[in-house]
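File shown: my_file.csv (CSV, C-alpha atoms and all ligand atoms).
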```
chain,number,residue,atom,x,y,z
A,12,MET,CA,108.9,85.2,71.0
A,13,ILE,CA,108.3,88.1,73.3
A,14,SER,CA,110.1,88.6,76.6
A,15,VAL,CA,107.7,89.3,79.4
A,16,TYR,CA,108.1,90.3,83.1
A,17,ILE,CA,105.3,89.5,85.6
A,18,GLY,CA,105.0,91.0,89.1
A,19,MET,CA,103.7,88.5,91.7
A,20,GLY,CA,102.3,89.4,95.1
A,21,SER,CA,100.3,87.8,97.9
A,22,ASN,CA,99.5,88.7,101.5
A,23,LEU,CA,96.9,86.1,102.5
A,24,ASP,CA,96.6,82.4,103.0
A,25,GLY,CA,100.3,81.5,103.1
A,26,PRO,CA,101.8,84.1,100.8
A,27,VAL,CA,105.0,82.2,99.9
A,28,ALA,CA,103.1,79.1,99.2
A,29,GLN,CA,100.7,81.1,97.0
A,30,LEU,CA,103.6,82.4,94.9
A,31,GLU,CA,105.2,79.0,94.7
A,32,GLN,CA,101.9,77.4,93.5
A,33,ALA,CA,101.6,80.1,90.8
A,34,ILE,CA,105.2,79.6,89.8
A,35,LEU,CA,104.5,75.8,89.4
A,36,THR,CA,101.3,76.4,87.4
A,37,LEU,CA,103.0,78.8,85.0
A,38,THR,CA,106.2,76.7,84.7
A,39,ASN,CA,104.0,73.8,83.6
A,40,HIS,CA,102.1,75.8,81.0
A,41,THR,CA,103.0,74.8,77.4
A,42,GLU,CA,103.0,78.3,76.0
A,43,LEU,CA,105.4,79.8,78.5
A,44,HIS,CA,109.2,79.2,78.1
A,45,ASN,CA,112.5,79.9,79.7
A,46,ILE,CA,111.0,80.9,83.0
A,47,ALA,CA,113.2,82.6,85.6
A,48,VAL,CA,112.1,83.8,89.0
A,49,SER,CA,113.7,86.3,91.3
A,50,PRO,CA,114.0,85.6,95.1
A,51,ILE,CA,110.8,86.0,97.0
A,52,TYR,CA,110.8,89.1,99.2
A,53,SER,CA,108.8,90.1,102.2
A,54,SER,CA,107.6,93.7,101.9
A,55,LYS,CA,105.6,96.2,103.9
A,56,PRO,CA,102.2,97.0,102.3
A,57,VAL,CA,102.0,100.0,100.0
A,58,GLY,CA,98.6,101.6,100.5
A,59,PRO,CA,96.5,100.8,103.6
A,60,GLN,CA,98.8,99.7,106.4
A,61,ASP,CA,96.2,97.6,108.3
A,62,GLN,CA,97.0,94.5,106.3
A,63,PRO,CA,99.6,91.8,106.5
A,64,ASP,CA,103.1,92.1,104.9
A,65,TYR,CA,103.4,90.9,101.3
A,66,ALA,CA,105.4,88.3,99.6
A,67,ASN,CA,106.6,89.7,96.2
A,68,ALA,CA,108.7,88.3,93.3
A,69,VAL,CA,109.1,88.9,89.6
A,70,MET,CA,109.0,86.3,86.9
A,71,ARG,CA,110.6,86.5,83.4
A,72,LEU,CA,109.5,84.3,80.6
A,73,ASP,CA,109.3,84.1,76.8
A,74,THR,CA,106.0,83.5,75.0
A,75,LYS,CA,104.1,83.8,71.7
A,76,LEU,CA,100.9,84.5,73.5
A,77,SER,CA,99.4,87.9,72.9
A,78,ALA,CA,99.3,90.3,75.8
A,79,ILE,CA,95.6,89.8,76.2
A,80,ALA,CA,95.8,86.0,76.0
A,81,LEU,CA,98.6,86.1,78.7
A,82,LEU,CA,96.4,88.4,80.8
A,83,ASP,CA,93.5,85.9,80.5
A,84,LEU,CA,95.9,83.1,81.6
A,85,LEU,CA,97.2,85.0,84.6
A,86,GLN,CA,93.7,85.9,85.7
A,87,SER,CA,92.6,82.3,85.4
A,88,VAL,CA,95.5,81.3,87.7
A,89,GLU,CA,94.5,84.1,90.1
A,90,GLN,CA,91.0,82.7,90.1
A,91,GLU,CA,92.2,79.1,90.6
A,92,GLN,CA,93.9,80.3,93.8
A,93,ARG,CA,90.7,82.0,94.8
A,94,ARG,CA,91.9,85.5,94.7
A,95,VAL,CA,89.7,87.7,96.9
A,96,ARG,CA,89.4,91.2,95.6
A,97,ASP,CA,87.1,93.1,98.1
A,98,ARG,CA,88.8,96.3,98.9
A,99,HIS,CA,90.7,98.6,96.6
A,100,TRP,CA,94.4,98.3,97.5
A,101,GLY,CA,93.4,95.8,100.2
A,102,PRO,CA,94.8,92.3,100.9
A,103,ARG,CA,94.9,89.7,98.2
A,104,THR,CA,95.7,86.0,97.9
A,105,LEU,CA,97.4,86.4,94.5
A,106,ASP,CA,98.2,89.2,92.2
A,107,LEU,CA,99.8,88.5,88.8
A,108,ASP,CA,100.5,91.7,86.9
A,109,ILE,CA,102.1,92.1,83.5
A,110,LEU,CA,104.9,94.6,84.1
A,111,LEU,CA,106.5,94.5,80.7
A,112,TYR,CA,105.5,92.8,77.4
A,113,GLY,CA,108.6,93.2,75.2
A,114,ASP,CA,108.9,96.9,74.4
A,115,GLU,CA,105.1,97.3,73.8
A,116,LEU,CA,103.1,100.2,75.1
A,117,ILE,CA,99.6,99.0,75.8
A,118,ASP,CA,96.9,101.3,77.1
A,119,THR,CA,93.4,99.7,77.1
A,120,PRO,CA,90.7,99.5,79.7
A,121,ARG,CA,91.8,96.0,80.7
A,122,LEU,CA,95.6,96.4,80.5
A,123,SER,CA,98.2,99.1,80.9
A,124,VAL,CA,101.8,98.1,80.0
A,125,PRO,CA,104.4,99.0,81.3
A,126,HIS,CA,102.6,98.7,84.6
A,127,PRO,CA,101.8,102.3,85.6
A,128,TYR,CA,103.2,102.2,89.1
A,129,MET,CA,106.1,99.8,88.7
A,130,LEU,CA,108.8,102.4,88.8
A,131,GLU,CA,107.7,103.7,92.2
A,132,ARG,CA,107.6,100.4,93.9
A,133,GLY,CA,110.7,98.9,95.5
A,134,PHE,CA,108.9,95.5,95.8
A,135,VAL,CA,108.8,95.4,91.9
A,136,ILE,CA,112.1,97.1,91.0
A,137,GLN,CA,114.3,95.2,93.4
A,138,PRO,CA,113.3,91.7,92.1
A,139,LEU,CA,113.3,93.0,88.5
A,140,ASN,CA,116.8,94.2,89.1
A,141,ASP,CA,117.8,90.7,90.5
A,142,LEU,CA,116.7,89.3,87.1
A,143,SER,CA,117.7,92.0,84.6
A,144,PRO,CA,119.6,95.0,86.0
A,145,GLU,CA,120.7,96.2,82.6
A,146,LEU,CA,117.2,96.1,81.1
A,147,MET,CA,116.4,99.4,79.3
A,148,LEU,CA,112.9,100.7,80.1
A,149,ALA,CA,110.7,102.8,77.9
A,150,ASN,CA,112.0,106.0,79.5
A,151,GLY,CA,115.5,105.2,78.3
A,152,ARG,CA,116.8,104.4,81.8
A,153,ARG,CA,118.0,101.0,83.1
A,154,VAL,CA,116.4,99.1,85.9
A,155,GLN,CA,119.5,99.5,88.2
A,156,GLU,CA,119.2,103.3,87.8
A,157,HIS,CA,115.6,103.2,89.1
A,158,LEU,CA,116.6,100.9,91.9
A,159,SER,CA,119.2,103.3,93.2
A,160,GLN,CA,116.5,106.0,93.6
A,161,LEU,CA,114.1,103.8,95.6
A,162,ASP,CA,113.8,103.0,99.3
A,163,THR,CA,114.1,99.2,99.6
A,164,SER,CA,114.8,99.1,103.3
A,165,ASP,CA,111.5,97.2,104.0
A,166,LEU,CA,112.5,94.3,101.7
A,167,VAL,CA,113.9,91.0,103.1
A,168,ILE,CA,114.6,87.9,101.0
A,169,ILE,CA,112.5,85.1,102.4
A,170,LYS,CA,113.0,82.4,99.8
A,171,GLU,CA,115.4,81.8,96.9
A,172,VAL,CA,113.3,80.0,94.3
A,201,LIG,N1,102.2,96.4,98.7
A,201,LIG,C1,103.2,95.5,98.6
A,201,LIG,N2,104.2,95.6,99.5
A,201,LIG,N3,103.2,94.5,97.7
A,201,LIG,C2,102.2,94.3,96.8
A,201,LIG,O1,102.3,93.4,96.0
A,201,LIG,C3,101.1,95.2,96.9
A,201,LIG,N4,100.1,95.1,96.0
A,201,LIG,C4,99.1,96.0,96.0
A,201,LIG,C5,99.1,97.1,96.9
A,201,LIG,C6,97.8,97.1,97.7
A,201,LIG,C7,99.2,98.4,96.2
A,201,LIG,N5,100.2,97.1,97.9
A,201,LIG,C8,101.2,96.2,97.8
A,201,LIG,O2,98.2,95.9,95.1
```
Reformat the file's structure so that it appears as C-alpha cells.
Amino acid sequence: MISVYIGMGSNLDGPVAQLEQAILTLTNHTELHNIAVSPIYSSKPVGPQDQPDYANAVMRLDTKLSAIALLDLLQSVEQEQRRVRDRHWGPRTLDLDILLYGDELIDTPRLSVPHPYMLERGFVIQPLNDLSPELMLANGRRVQEHLSQLDTSDLVIIKEV
C-alpha cells in the first residue's frame, strides 16, 4: 500500500457540496482505503482575483493503485462533477490533485509529484498539517515547518468532515 495525499478545491456550483460529493465517491471506491479528510476551508483565490472564494481540503488514503491509475480515477470524478476548465487559473467546479504519492518523485507530462506549487500554498499546507503535521517532505522538512512560514490569514474552517 502507498500513502497518498490529494488536494481538493472548488469555487463553483456549491463548492462545499462539490467537495462532499467527491469525498463520498472516493470513500465508496473499492481500491481506496483508510480515508481521512481535513476540515474544509474557505480560501481567497490564488491567481486571478475576479473569481469566487474557494473551498479547499486535503484527503489522505492508502491504495495499491499506480499513480497514473489514481490520476485517471481522480480525473473521472472531476468529469462526473462536470469540471469546467476554460481559463488558466480560472474558476473550477472540482480540482483533485495528487500532492504526494508515498515518497515517489514523478515528473511526466501528465503528472508532477510532489505537486510543484504545494509548498507555497496555505490552502494546501494548512489542511495537510491538520492531517499530518509531522510528515517529512522530500526536502527534509516537516509539514508544520512549512506551515509556520506561510500566510494563512485568509483561511476559515467552514465544515468539519
Ligand atoms: N486558489 C485557492 N484559494 N484554492 C484553490 O484550490 C485554487 N486552485 C487553483 C488556483 C486557480 C491556482 N487558485 C486557487 O487552481
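Distances here use all atoms listed in the file; by that measure, the residue among A:Leu161, A:Ile136, A:Ala33, A:Leu116 closest to Ala149 of chain A is A:Leu116.
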*asked:* as a PyMOL selection string, please: every protein or nucleic acid residue near ligand LIG 201 (chain A) (cut-off 12 Å, counting all atoms listed in the file).
replied: chain A and resi 17-23+26+30+51-69+95-108+126-129+131-138+163-167
_I want to know what sits within 8 Å of Ala47 of chain A, based on all atoms listed in the file, with residues of the same chain fewer than 3 positions away left out; could you give that as a list in words?_
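So, after excluding close chain neighbours, the residues are Met70, Arg71, Leu72 and Leu142 of chain A.
Nearest to Asn140 of chain A of all the residues A:Gln92, A:Gln155, A:Ser87, A:Asn45 is A:Gln155, counting only C-alpha atoms.
From atom CA of Ser49 of chain A back to atom CA of Asp141 of chain A, the distance works out to 6.1 Å.
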*Name the residues in contact with segment 122-125 of chain A at a cut-off of 6 Å, using only C-alpha atoms, excluding same-chain residues fewer than 3 positions from it; report them as a list in words.*
Leu110, Leu111, Leu116, Ile117, Asp118 and Thr119 of chain A
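Take the candidates A:Pro120, A:Pro50, A:Gly113, A:Pro144 and check each one against Ser77 of chain A using only C-alpha atoms; the shortest distance goes to A:Gly113.
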*For atom CA of Ile79 of chain A and atom CA of Ile34 of chain A, determine how far apart the two atoms are, in Å to one decimal place.*
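Answer for the atom CA of Ile79 of chain A to atom CA of Ile34 of chain A separation: 19.5 Å.
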*Interatomic distance between atom CA of Leu43 of chain A and atom CA of Thr74 of chain A?*
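Atom CA of Leu43 of chain A sits 5.1 Å away from atom CA of Thr74 of chain A.
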N, CA and C atoms are what I want for segment 56-79 of chain A; can you complete it accordingly and write them as a JSON list (two decimals), keeping the file's coordinate frame?
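Everything below was put into selection-v9.json:
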```json
[["chain", "number", "residue", "atom", "x", "y", "z"],
["A", 56, "PRO", "N", 103.24, 96.63, 103.27],
["A", 56, "PRO", "CA", 102.20, 97.00, 102.30],
["A", 56, "PRO", "C", 102.32, 98.47, 101.85],
["A", 57, "VAL", "N", 102.19, 98.67, 100.56],
["A", 57, "VAL", "CA", 102.00, 100.00, 100.00],
["A", 57, "VAL", "C", 100.49, 100.21, 99.97],
["A", 58, "GLY", "N", 100.02, 101.38, 100.39],
["A", 58, "GLY", "CA", 98.60, 101.60, 100.50],
["A", 58, "GLY", "C", 98.19, 101.39, 101.97],
["A", 59, "PRO", "N", 96.95, 100.95, 102.21],
["A", 59, "PRO", "CA", 96.50, 100.80, 103.60],
["A", 59, "PRO", "C", 97.47, 99.92, 104.40],
["A", 60, "GLN", "N", 97.83, 100.37, 105.61],
["A", 60, "GLN", "CA", 98.80, 99.70, 106.40],
["A", 60, "GLN", "C", 98.21, 98.59, 107.31],
["A", 61, "ASP", "N", 96.87, 98.60, 107.44],
["A", 61, "ASP", "CA", 96.20, 97.60, 108.30],
["A", 61, "ASP", "C", 95.96, 96.33, 107.57],
["A", 62, "GLN", "N", 97.03, 95.78, 106.97],
["A", 62, "GLN", "CA", 97.00, 94.50, 106.30],
["A", 62, "GLN", "C", 98.32, 93.83, 106.43],
["A", 63, "PRO", "N", 98.36, 92.50, 106.25],
["A", 63, "PRO", "CA", 99.60, 91.80, 106.50],
["A", 63, "PRO", "C", 100.71, 92.22, 105.46],
["A", 64, "ASP", "N", 101.98, 91.94, 105.82],
["A", 64, "ASP", "CA", 103.10, 92.10, 104.90],
["A", 64, "ASP", "C", 102.85, 91.24, 103.65],
["A", 65, "TYR", "N", 103.48, 91.64, 102.56],
["A", 65, "TYR", "CA", 103.40, 90.90, 101.30],
["A", 65, "TYR", "C", 104.56, 90.00, 101.06],
["A", 66, "ALA", "N", 104.35, 88.96, 100.27],
["A", 66, "ALA", "CA", 105.40, 88.30, 99.60],
["A", 66, "ALA", "C", 105.39, 88.74, 98.14],
["A", 67, "ASN", "N", 106.56, 89.15, 97.60],
["A", 67, "ASN", "CA", 106.60, 89.70, 96.20],
["A", 67, "ASN", "C", 107.79, 89.02, 95.48],
["A", 68, "ALA", "N", 107.60, 88.83, 94.18],
["A", 68, "ALA", "CA", 108.70, 88.30, 93.30],
["A", 68, "ALA", "C", 108.36, 88.81, 91.89],
["A", 69, "VAL", "N", 109.34, 88.64, 91.01],
["A", 69, "VAL", "CA", 109.10, 88.90, 89.60],
["A", 69, "VAL", "C", 109.55, 87.70, 88.79],
["A", 70, "MET", "N", 108.76, 87.38, 87.78],
["A", 70, "MET", "CA", 109.00, 86.30, 86.90],
["A", 70, "MET", "C", 109.34, 86.81, 85.48],
["A", 71, "ARG", "N", 110.36, 86.23, 84.84],
["A", 71, "ARG", "CA", 110.60, 86.50, 83.40],
["A", 71, "ARG", "C", 110.34, 85.32, 82.60],
["A", 72, "LEU", "N", 109.76, 85.49, 81.44],
["A", 72, "LEU", "CA", 109.50, 84.30, 80.60],
["A", 72, "LEU", "C", 109.43, 84.81, 79.12],
["A", 73, "ASP", "N", 109.45, 83.83, 78.21],
["A", 73, "ASP", "CA", 109.30, 84.10, 76.80],
["A", 73, "ASP", "C", 107.97, 83.42, 76.35],
["A", 74, "THR", "N", 107.21, 84.09, 75.48],
["A", 74, "THR", "CA", 106.00, 83.50, 75.00],
["A", 74, "THR", "C", 105.57, 84.06, 73.65],
["A", 75, "LYS", "N", 104.75, 83.27, 72.93],
["A", 75, "LYS", "CA", 104.10, 83.80, 71.70],
["A", 75, "LYS", "C", 102.70, 84.18, 71.96],
["A", 76, "LEU", "N", 102.23, 84.02, 73.19],
["A", 76, "LEU", "CA", 100.90, 84.50, 73.50],
["A", 76, "LEU", "C", 100.76, 85.98, 73.35],
["A", 77, "SER", "N", 99.61, 86.45, 72.89],
["A", 77, "SER", "CA", 99.40, 87.90, 72.90],
["A", 77, "SER", "C", 99.28, 88.39, 74.31],
["A", 78, "ALA", "N", 99.40, 89.70, 74.48],
["A", 78, "ALA", "CA", 99.30, 90.30, 75.80],
["A", 78, "ALA", "C", 97.97, 89.95, 76.46],
["A", 79, "ILE", "N", 96.90, 90.03, 75.68],
["A", 79, "ILE", "CA", 95.60, 89.80, 76.20],
["A", 79, "ILE", "C", 95.40, 88.29, 76.57]]
```
